[in-house]
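The structure file structure10.cif is reproduced below (mmCIF, C-alpha atoms).
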data_structure
#
loop_
_atom_site.label_atom_id
_atom_site.label_comp_id
_atom_site.auth_asym_id
_atom_site.auth_seq_id
_atom_site.Cartn_x
_atom_site.Cartn_y
_atom_site.Cartn_z
CA MET A 1100 -39.72 13.85 11.17
CA ILE A 1101 -38.26 14.91 7.82
CA VAL A 1102 -39.71 17.97 6.10
CA SER A 1103 -39.05 18.30 2.38
CA VAL A 1104 -39.33 21.75 0.81
CA HIS A 1105 -38.68 22.92 -2.72
CA ASP A 1106 -36.43 25.95 -3.07
CA ASP A 1107 -37.73 27.77 -6.17
CA ARG A 1108 -34.73 30.10 -6.29
CA ARG A 1109 -32.23 27.26 -6.47
CA PHE A 1110 -34.49 24.78 -8.28
CA GLN A 1111 -33.72 22.11 -5.72
CA ASP A 1112 -35.33 20.16 -2.93
CA GLU A 1113 -34.16 20.95 0.56
CA TYR A 1114 -34.73 19.15 3.83
CA ILE A 1115 -35.41 20.25 7.39
CA LEU A 1116 -34.71 17.89 10.26
CA PRO A 1117 -35.50 18.53 13.93
CA LEU A 1118 -32.91 16.61 15.97
CA ARG A 1119 -33.12 15.27 19.51
CA ARG A 1120 -29.37 15.58 19.84
CA VAL A 1121 -26.41 16.63 17.72
CA PRO A 1122 -23.83 13.85 17.53
CA THR A 1123 -20.09 14.38 17.45
CA GLU A 1124 -18.36 13.23 14.27
CA ALA A 1125 -16.96 10.21 16.14
CA GLN A 1126 -20.45 9.23 17.32
CA PHE A 1127 -21.80 9.68 13.78
CA LEU A 1128 -19.09 7.40 12.35
CA ASP A 1129 -19.74 4.87 15.09
CA ARG A 1130 -23.47 4.83 14.38
CA ALA A 1131 -22.79 4.42 10.66
CA LYS A 1132 -20.64 1.37 11.49
CA VAL A 1133 -17.80 2.37 9.21
CA LEU A 1134 -14.05 2.33 9.73
CA PRO A 1135 -12.72 5.91 10.15
CA ASN A 1136 -9.83 5.68 7.68
CA SER A 1137 -11.69 4.00 4.86
CA TYR A 1138 -13.71 5.02 1.80
CA ALA A 1139 -16.98 4.62 3.73
CA GLY A 1140 -15.52 6.50 6.69
CA ARG A 1141 -14.51 9.43 4.50
CA LEU A 1142 -17.96 9.40 2.90
CA ILE A 1143 -19.68 9.56 6.30
CA SER A 1144 -17.30 12.33 7.45
CA LYS A 1145 -18.24 14.37 4.36
CA LEU A 1146 -21.92 13.73 5.09
CA TYR A 1147 -21.37 14.94 8.68
CA TYR A 1148 -19.73 18.11 7.34
CA ARG A 1149 -22.69 18.77 5.06
CA LEU A 1150 -25.24 18.13 7.81
CA PHE A 1151 -23.60 19.95 10.68
CA THR A 1152 -21.05 22.42 9.32
CA ILE A 1153 -22.43 23.95 6.13
CA SER A 1154 -26.15 23.43 6.81
CA LEU A 1155 -28.31 26.14 8.37
CA GLU A 1156 -29.12 25.54 12.05
CA MET A 1157 -32.50 27.22 12.15
CA LYS A 1158 -32.93 27.41 15.93
CA ARG A 1159 -29.64 29.25 16.29
CA ASP A 1160 -30.33 31.38 13.21
CA TYR A 1161 -33.69 32.43 14.65
CA SER A 1162 -32.51 33.17 18.19
CA THR A 1163 -29.33 34.95 17.03
CA PHE A 1164 -30.61 37.06 14.14
CA TYR A 1165 -34.39 36.93 13.69
CA GLU A 1166 -36.06 36.84 17.09
CA VAL A 1167 -36.22 40.64 17.11
CA GLU A 1168 -37.93 40.56 13.71
CA TYR A 1169 -40.33 37.63 14.13
CA ALA A 1170 -42.17 37.14 17.41
CA THR A 1171 -42.34 33.34 17.05
CA PHE A 1172 -40.30 30.61 15.40
CA GLU A 1173 -43.38 29.73 13.38
CA GLN A 1174 -43.50 33.24 11.90
CA TYR A 1175 -39.78 32.96 11.07
CA LEU A 1176 -40.49 29.69 9.23
CA ARG A 1177 -43.48 31.14 7.39
CA LYS A 1178 -41.99 34.50 6.40
CA ARG A 1179 -38.26 33.93 6.24
CA HIS A 1180 -38.33 30.37 4.83
CA LEU A 1181 -41.73 30.51 3.12
CA LEU A 1182 -42.84 27.20 4.59
CA ASN A 1183 -46.47 26.24 4.31
CA LYS A 1184 -48.67 26.54 7.39
CA GLU A 1185 -48.71 22.83 8.19
CA ASP A 1186 -44.91 22.33 8.04
CA ALA A 1187 -44.27 25.54 9.98
CA SER A 1188 -46.74 24.51 12.67
CA GLU A 1189 -45.29 21.00 12.99
CA LEU A 1190 -41.72 22.28 13.23
CA ASN A 1191 -42.76 24.98 15.68
CA ALA A 1192 -44.27 22.30 17.92
CA ARG A 1193 -40.82 20.67 18.07
CA TYR A 1194 -38.87 23.90 18.59
CA ALA A 1195 -38.55 23.80 22.37
CA LYS A 1196 -37.61 20.12 22.60
CA ALA A 1197 -35.26 19.83 19.61
CA ALA A 1198 -31.52 20.24 20.24
CA ALA A 1199 -31.18 21.61 16.69
CA ILE A 1200 -33.28 22.06 13.56
CA ILE A 1201 -31.12 21.85 10.44
CA ARG A 1202 -31.89 22.83 6.86
CA PHE A 1203 -29.73 21.58 4.01
CA GLY A 1204 -29.81 21.08 0.27
CA ARG A 1205 -28.80 18.29 -2.02
CA LEU A 1206 -26.58 15.63 -0.45
CA TYR A 1207 -25.64 12.69 -2.70
CA THR A 1208 -27.34 11.14 -5.70
CA PHE A 1209 -27.65 7.78 -3.95
CA MET A 1210 -29.79 9.53 -1.30
CA GLU A 1211 -32.33 10.80 -3.77
CA GLU A 1212 -35.88 9.57 -4.40
CA GLY A 1213 -36.48 8.66 -0.76
CA ALA A 1214 -33.42 6.43 -0.37
CA GLY A 1215 -31.75 8.99 1.88
CA ASP A 1216 -34.66 9.23 4.33
CA ASP A 1217 -34.07 5.71 5.57
CA LEU A 1218 -30.34 6.35 5.92
CA LEU A 1219 -30.82 9.65 7.79
CA GLU A 1220 -33.34 8.02 10.14
CA LYS A 1221 -30.77 5.37 10.99
CA LEU A 1222 -27.90 7.83 11.44
CA LEU A 1223 -29.67 10.56 13.41
CA ASP A 1224 -31.94 10.93 16.43
CA LEU A 1225 -34.83 12.68 14.72
CA GLU A 1226 -37.78 14.19 16.56
CA ASP A 1227 -40.93 12.19 15.80
CA MET B 158 -40.22 24.39 -22.30
CA LYS B 159 -39.04 21.92 -19.68
CA ILE B 160 -37.36 22.97 -16.46
CA ARG B 161 -35.04 20.42 -14.93
CA SER B 162 -35.09 20.69 -11.16
CA GLY B 163 -31.78 19.80 -9.54
CA PHE B 164 -28.37 18.90 -10.80
CA VAL B 165 -27.84 19.06 -14.55
CA SER B 166 -24.80 17.66 -16.33
CA ASN B 167 -23.58 15.56 -19.17
CA SER B 168 -23.25 11.87 -18.52
CA SER B 169 -20.15 10.40 -16.97
CA SER B 170 -18.41 7.08 -17.00
CA THR B 171 -15.72 5.63 -14.78
CA SER B 172 -13.44 2.87 -15.97
CA PHE B 173 -12.60 0.45 -13.20
CA LEU B 174 -10.10 -2.30 -12.59
CA ILE B 175 -10.51 -4.95 -9.91
CA ILE B 176 -7.74 -7.39 -9.07
CA THR B 177 -8.73 -10.12 -6.65
CA LYS B 178 -7.61 -13.49 -5.36
CA GLY B 179 -10.51 -15.84 -6.02
CA LYS B 180 -14.08 -14.82 -6.65
CA LEU B 181 -15.10 -11.33 -5.55
CA LYS B 182 -17.75 -11.53 -2.81
CA LYS B 183 -20.06 -8.83 -1.42
CA LYS B 184 -18.44 -9.05 2.00
CA ASP B 185 -14.98 -8.63 0.47
CA LEU B 186 -16.05 -5.37 -1.16
CA ARG B 187 -17.66 -4.16 2.10
CA ASP B 188 -14.44 -4.94 3.98
CA LEU B 189 -12.39 -3.12 1.35
CA MET B 190 -14.57 -0.02 1.63
CA GLY B 191 -14.64 -0.03 5.45
CA VAL B 192 -18.28 -1.04 5.95
CA LYS B 193 -18.86 -3.03 9.15
CA LEU B 194 -21.55 -5.63 9.77
CA GLY B 195 -24.99 -4.04 10.19
CA SER B 196 -23.98 -0.68 8.70
CA PRO B 197 -26.84 1.33 7.16
CA LEU B 198 -24.51 1.87 4.18
CA THR B 199 -24.62 -1.86 3.37
CA PRO B 200 -27.32 -1.48 0.65
CA LEU B 201 -25.21 1.20 -1.10
CA PHE B 202 -22.09 -0.94 -1.31
CA ASP B 203 -24.04 -4.10 -2.13
CA GLN B 204 -25.56 -2.20 -5.04
CA LEU B 205 -22.06 -1.08 -6.07
CA TYR B 206 -20.99 -4.76 -5.97
CA ASP B 207 -23.91 -5.76 -8.24
CA ASP B 208 -23.21 -2.86 -10.60
CA LEU B 209 -19.49 -3.65 -10.81
CA LEU B 210 -20.13 -7.31 -11.61
CA GLU B 211 -22.76 -6.46 -14.21
CA SER B 212 -20.39 -3.95 -15.81
CA VAL B 213 -17.38 -6.24 -16.19
CA GLU B 214 -16.34 -6.31 -19.84
CA THR B 215 -13.13 -8.30 -19.58
CA GLU B 216 -11.94 -10.95 -17.13
CA ILE B 217 -8.31 -12.04 -17.24
CA ASP B 218 -6.54 -14.74 -15.27
CA LEU B 219 -3.25 -13.03 -14.49
CA GLY B 220 -1.54 -16.36 -13.90
CA LYS B 221 -2.08 -17.61 -17.45
CA PHE B 222 0.46 -15.56 -19.35
CA GLN B 223 3.54 -17.43 -20.50
CA THR B 224 4.99 -14.97 -22.96
CA ARG B 225 5.40 -11.24 -23.36
CA SER B 226 3.41 -11.29 -26.60
CA GLN B 227 0.41 -12.93 -24.88
CA TRP B 228 0.56 -10.18 -22.27
CA GLU B 229 0.81 -7.45 -24.91
CA MET B 230 -2.21 -8.89 -26.73
CA ALA B 231 -4.38 -8.98 -23.62
CA ILE B 232 -3.27 -5.85 -21.79
CA GLY B 233 -1.07 -3.69 -24.00
CA THR B 234 -3.78 -3.17 -26.60
CA ARG B 235 -6.27 -1.85 -23.99
CA SER B 236 -4.75 1.57 -23.41
CA ASP B 237 -8.15 3.01 -24.37
CA ARG B 238 -9.54 1.66 -21.09
CA LEU B 239 -6.49 1.07 -18.91
CA SER B 240 -4.44 3.88 -17.44
CA ALA B 241 -0.68 3.66 -16.85
CA ARG B 242 -1.44 3.15 -13.15
CA MET B 243 -3.79 0.25 -13.95
CA ILE B 244 -1.28 -1.40 -16.28
CA SER B 245 1.43 -1.05 -13.64
CA LYS B 246 -0.83 -2.79 -11.09
CA LEU B 247 -1.61 -5.56 -13.56
CA GLU B 248 2.11 -6.02 -14.22
CA SER B 249 2.90 -6.27 -10.53
CA ASN B 250 0.18 -8.92 -10.01
CA LYS B 251 1.17 -11.03 -13.01
CA GLY B 252 1.64 -14.68 -12.12
CA ASN B 253 0.46 -14.46 -8.50
CA GLY B 254 -2.83 -16.30 -8.94
CA THR B 255 -5.05 -13.24 -9.16
CA THR B 256 -7.84 -12.42 -11.59
CA ALA B 257 -8.39 -8.99 -13.10
CA TYR B 258 -11.75 -7.57 -14.12
CA PHE B 259 -12.24 -4.36 -16.02
CA GLY B 260 -15.23 -2.47 -17.28
CA HIS B 261 -16.94 0.85 -16.71
CA LEU B 262 -19.73 2.35 -14.64
CA ASP B 263 -22.24 4.66 -16.32
CA SER B 264 -23.86 7.67 -14.63
CA GLU B 265 -27.02 7.24 -16.73
CA THR B 266 -27.84 3.87 -15.19
CA SER B 267 -28.81 4.51 -11.56
CA ASN B 268 -28.41 7.02 -8.73
CA VAL B 269 -25.83 4.72 -7.15
CA GLN B 270 -23.70 4.53 -10.31
CA THR B 271 -24.07 8.30 -10.78
CA PHE B 272 -22.61 8.84 -7.33
CA PHE B 273 -19.62 6.57 -7.89
CA CYS B 274 -19.06 8.03 -11.37
CA MET B 275 -18.69 11.46 -9.77
CA ASP B 276 -16.00 10.19 -7.42
CA CYS B 277 -12.43 9.07 -8.11
CA PHE B 278 -10.96 6.50 -5.77
CA GLU B 279 -8.45 3.72 -5.37
CA GLU B 280 -8.70 1.20 -2.54
CA GLU B 281 -6.58 -1.82 -1.72
CA ASN B 282 -6.33 -4.47 0.99
CA ASP B 283 -4.78 -7.95 1.09
CA LYS B 284 -7.65 -9.45 -0.97
CA ILE B 285 -8.72 -6.81 -3.48
CA TYR B 286 -7.40 -3.90 -5.47
CA LEU B 287 -10.05 -1.53 -6.86
CA ASN B 288 -9.12 1.36 -9.13
CA ALA B 289 -11.89 3.78 -10.12
CA LEU B 290 -9.67 6.80 -10.80
CA GLU B 291 -10.40 7.05 -14.51
CA ASN B 292 -13.43 9.28 -14.65
CA ALA B 293 -14.58 11.09 -17.80
CA TRP B 294 -17.45 13.53 -18.26
#

Go ahead and render the structure in this file as structure tokens.
Amino acid sequence: MIVSVHDDRRFQDEYILPLRRVPTEAQFLDRAKVLPNSYAGRLISKLYYRLFTISLEMKRDYSTFYEVEYATFEQYLRKRHLLNKEDASELNARYAKAAAIIRFGRLYTFMEEGAGDDLLEKLLDLED
Amino acid sequence: MKIRSGFVSNSSSTSFLIITKGKLKKKDLRDLMGVKLGSPLTPLFDQLYDDLLESVETEIDLGKFQTRSQWEMAIGTRSDRLSARMISKLESNKGNGTTAYFGHLDSETSNVQTFFCMDCFEEENDKIYLNALENAW
């Protein structure tokens, strides 16, 4: 499952992915079938950094900072992230099972207009 | 009034130089860039291959030059497109049976070209040298 949301404050599309497991960087490179010390390897390492280091891990964010403020993860998604009811409900249904739920902004131009969805589905174990 | 959502910039172009022994093949470029068989990045680098070939403006057989003046005519007059690093690489490959291709990628053409125009890179293996360091906004 890939949820696309538009951030009006930053004028950009952002994505939320519920993950079955969080890979290590070595596993991510292996799955991408790229040589570590190559152009493609460096590209995949940068993508890993964007997905798992500078993204927002929403499960952790909620349990660490917002659980006292919002009684449920769904409320956190609705009020803190302004998600619509349908997206919040679908993500909430995956909350318990997902190893992580990450939110991130723009990645690379070659991943725009849907091209990145296919790549992310191949690189990650996404919740259905 | 129009509001552009997302990244806004002027256009960019990247001059490139490829030096290769024989015809450049898709697999050769994938090998150069570190893409293994079955990689989900294959479509990206195959598109780069197509874009590079379509963008070639000059093809030079580096084995053909007999005199310094022939060389100066073909290479020396192209300082508008060729950096000192590129010219040095061409010099070092002169007479070894390689072919050089140069041209430029344009960020206005496709999302793939935009990505590579925003990057600067130089890659080399025993078959290919690719210089895409010359990037101008």

(message) Once the PyMOL selection byres ((chain A) within 8 of (chain B)) is applied to the coordinates I shared, what remains selected? I want it as a list in words.
(response) Phe1110, Gln1111, Asp1112, Arg1130, Ala1131, Lys1132, Val1133, Leu1134, Pro1135, Asn1136, Ser1137, Tyr1138, Ala1139, Gly1140, Tyr1207, Thr1208, Phe1209, Met1210, Glu1211, Leu1218, Lys1221 and Leu1222 of chain A

Selected residues written out, C-alpha atoms, as an mmCIF file, in the frame of the given file:
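Result file follows (part.cif):
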data_model
loop_
_atom_site.group_PDB
_atom_site.id
_atom_site.type_symbol
_atom_site.label_atom_id
_atom_site.label_comp_id
_atom_site.auth_asym_id
_atom_site.auth_seq_id
_atom_site.Cartn_x
_atom_site.Cartn_y
_atom_site.Cartn_z
ATOM 1 C CA PHE A 1110 -34.490 24.780 -8.280
ATOM 2 C CA GLN A 1111 -33.720 22.110 -5.720
ATOM 3 C CA ASP A 1112 -35.330 20.160 -2.930
ATOM 4 C CA ARG A 1130 -23.470 4.830 14.380
ATOM 5 C CA ALA A 1131 -22.790 4.420 10.660
ATOM 6 C CA LYS A 1132 -20.640 1.370 11.490
ATOM 7 C CA VAL A 1133 -17.800 2.370 9.210
ATOM 8 C CA LEU A 1134 -14.050 2.330 9.730
ATOM 9 C CA PRO A 1135 -12.720 5.910 10.150
ATOM 10 C CA ASN A 1136 -9.830 5.680 7.680
ATOM 11 C CA SER A 1137 -11.690 4.000 4.860
ATOM 12 C CA TYR A 1138 -13.710 5.020 1.800
ATOM 13 C CA ALA A 1139 -16.980 4.620 3.730
ATOM 14 C CA GLY A 1140 -15.520 6.500 6.690
ATOM 15 C CA TYR A 1207 -25.640 12.690 -2.700
ATOM 16 C CA THR A 1208 -27.340 11.140 -5.700
ATOM 17 C CA PHE A 1209 -27.650 7.780 -3.950
ATOM 18 C CA MET A 1210 -29.790 9.530 -1.300
ATOM 19 C CA GLU A 1211 -32.330 10.800 -3.770
ATOM 20 C CA LEU A 1218 -30.340 6.350 5.920
ATOM 21 C CA LYS A 1221 -30.770 5.370 10.990
ATOM 22 C CA LEU A 1222 -27.900 7.830 11.440
#

(message) Just to confirm, what's the straight-line distance from atom CA of Arg1108 of chain A to atom CA of Ala1195 of chain A in Å (one decimal)?
(response)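 Computed distance, atom CA of Arg1108 of chain A to atom CA of Ala1195 of chain A, equals 29.6 Å.
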
(request) Find, counting all atoms listed in the file, the residue in A:Glu1113, A:Asp1129, A:Glu1189, A:Glu1124 that gets nearest to Leu1155 of chain A. (result) A:Glu1113

(message) Using all atoms listed in the file, can you tell me which of B:Val213, B:Cys277, B:Ile232, B:Leu186 comes closest to Lys246 of chain B?
(response)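 With all atoms listed in the file as the atom set, the closest residue is B:Ile232.
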
(message) Taking 2 positions as the minimum chain separation for residues in the same chain, which residues sit within 7 Å of Ala257 of chain B when counting only C-alpha atoms? Answer as number ranges by chain.
(response) B: 174-177, 216-219, 255, 259

(message) Between atom CA of Ala1197 of chain A and atom CA of Asp1224 of chain A, what is the distance in Å, rounded to a tenth?
(response) 10.0 Å

(request) Work out how far atom CA of Tyr1169 of chain A is from atom CA of Arg1205 of chain A, in Å to one decimal. (result) 27.7 Å

(request) With a distance cut-off of 7 Å and only C-alpha atoms, select the neighbouring residues of segment 208-212 of chain B, excluding the residue or stretch itself and same-chain residues fewer than 5 positions from it, and output the selection as a PyMOL selection string. (result) chain B and resi 260-262

(message) Report as a ChimeraX atom specification all protein, DNA and RNA residues lying within 10 Å of Ser1154 of chain A, evaluated on all atoms listed in the file, omitting residues in the same chain fewer than 5 positions from it.
(response) /A:1115,1147-1149,1200-1204

Assuming 5 Å of padding per side, give the centre and edge lengths of the axis-aligned box around every listed atom of segment 251-257 of chain B, in Å to one decimal and as AutoDock Vina command-line options.
--center_x -3.4 --center_y -12.6 --center_z -10.8 --size_x 20.0 --size_y 17.3 --size_z 14.6

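For the set A:Asp1107, A:Ala1125, A:Pro1117, A:Arg1141, the residue with the smallest atom-to-atom gap to Leu1219 of chain A is A:Pro1117, counting only C-alpha atoms.
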
(request) Counting only C-alpha atoms, figure out which residue out of A:His1180, A:Arg1120, A:Lys1158, A:His1105 gets nearest to Tyr1194 of chain A. (result)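 Once distances to Tyr1194 of chain A are computed over only C-alpha atoms, the minimum belongs to A:Lys1158.
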
(request) Name the residues captured by the PyMOL selection byres ((chain B and resi 243) around 12) when it is applied to the shown file; answer as number ranges by chain. (result) B: 172-176, 232-233, 235-242, 244-250, 257-259, 279, 286-291

Can I get the selected residues back with C-alpha atoms, as a JSON list (two decimals), keeping the file's coordinate frame?
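Writing done, so here's result.json:
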[["chain", "number", "residue", "atom", "x", "y", "z"],
["B", 172, "SER", "CA", -13.44, 2.87, -15.97],
["B", 173, "PHE", "CA", -12.60, 0.45, -13.20],
["B", 174, "LEU", "CA", -10.10, -2.30, -12.59],
["B", 175, "ILE", "CA", -10.51, -4.95, -9.91],
["B", 176, "ILE", "CA", -7.74, -7.39, -9.07],
["B", 232, "ILE", "CA", -3.27, -5.85, -21.79],
["B", 233, "GLY", "CA", -1.07, -3.69, -24.00],
["B", 235, "ARG", "CA", -6.27, -1.85, -23.99],
["B", 236, "SER", "CA", -4.75, 1.57, -23.41],
["B", 237, "ASP", "CA", -8.15, 3.01, -24.37],
["B", 238, "ARG", "CA", -9.54, 1.66, -21.09],
["B", 239, "LEU", "CA", -6.49, 1.07, -18.91],
["B", 240, "SER", "CA", -4.44, 3.88, -17.44],
["B", 241, "ALA", "CA", -0.68, 3.66, -16.85],
["B", 242, "ARG", "CA", -1.44, 3.15, -13.15],
["B", 244, "ILE", "CA", -1.28, -1.40, -16.28],
["B", 245, "SER", "CA", 1.43, -1.05, -13.64],
["B", 246, "LYS", "CA", -0.83, -2.79, -11.09],
["B", 247, "LEU", "CA", -1.61, -5.56, -13.56],
["B", 248, "GLU", "CA", 2.11, -6.02, -14.22],
["B", 249, "SER", "CA", 2.90, -6.27, -10.53],
["B", 250, "ASN", "CA", 0.18, -8.92, -10.01],
["B", 257, "ALA", "CA", -8.39, -8.99, -13.10],
["B", 258, "TYR", "CA", -11.75, -7.57, -14.12],
["B", 259, "PHE", "CA", -12.24, -4.36, -16.02],
["B", 279, "GLU", "CA", -8.45, 3.72, -5.37],
["B", 286, "TYR", "CA", -7.40, -3.90, -5.47],
["B", 287, "LEU", "CA", -10.05, -1.53, -6.86],
["B", 288, "ASN", "CA", -9.12, 1.36, -9.13],
["B", 289, "ALA", "CA", -11.89, 3.78, -10.12],
["B", 290, "LEU", "CA", -9.67, 6.80, -10.80],
["B", 291, "GLU", "CA", -10.40, 7.05, -14.51]]

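With all atoms listed in the file as the atoms that count, the minimum distance from Lys284 of chain B to the choices B:Gly252, B:Lys178, B:Trp228, B:Ser169 is reached by B:Lys178.
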
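Take the candidates A:Gly1213, A:Leu1128, A:Ile1143, A:Met1157 and check each one against Leu1190 of chain A using all atoms listed in the file; the shortest distance goes to A:Met1157.
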
(request) Name the residues within 7 Å of (-19.0, 8.8, -16.9), counting only C-alpha atoms in the file's coordinates, and put them as a ChimeraX atom specification. (result) /B:168-171,262-264,274,292-294
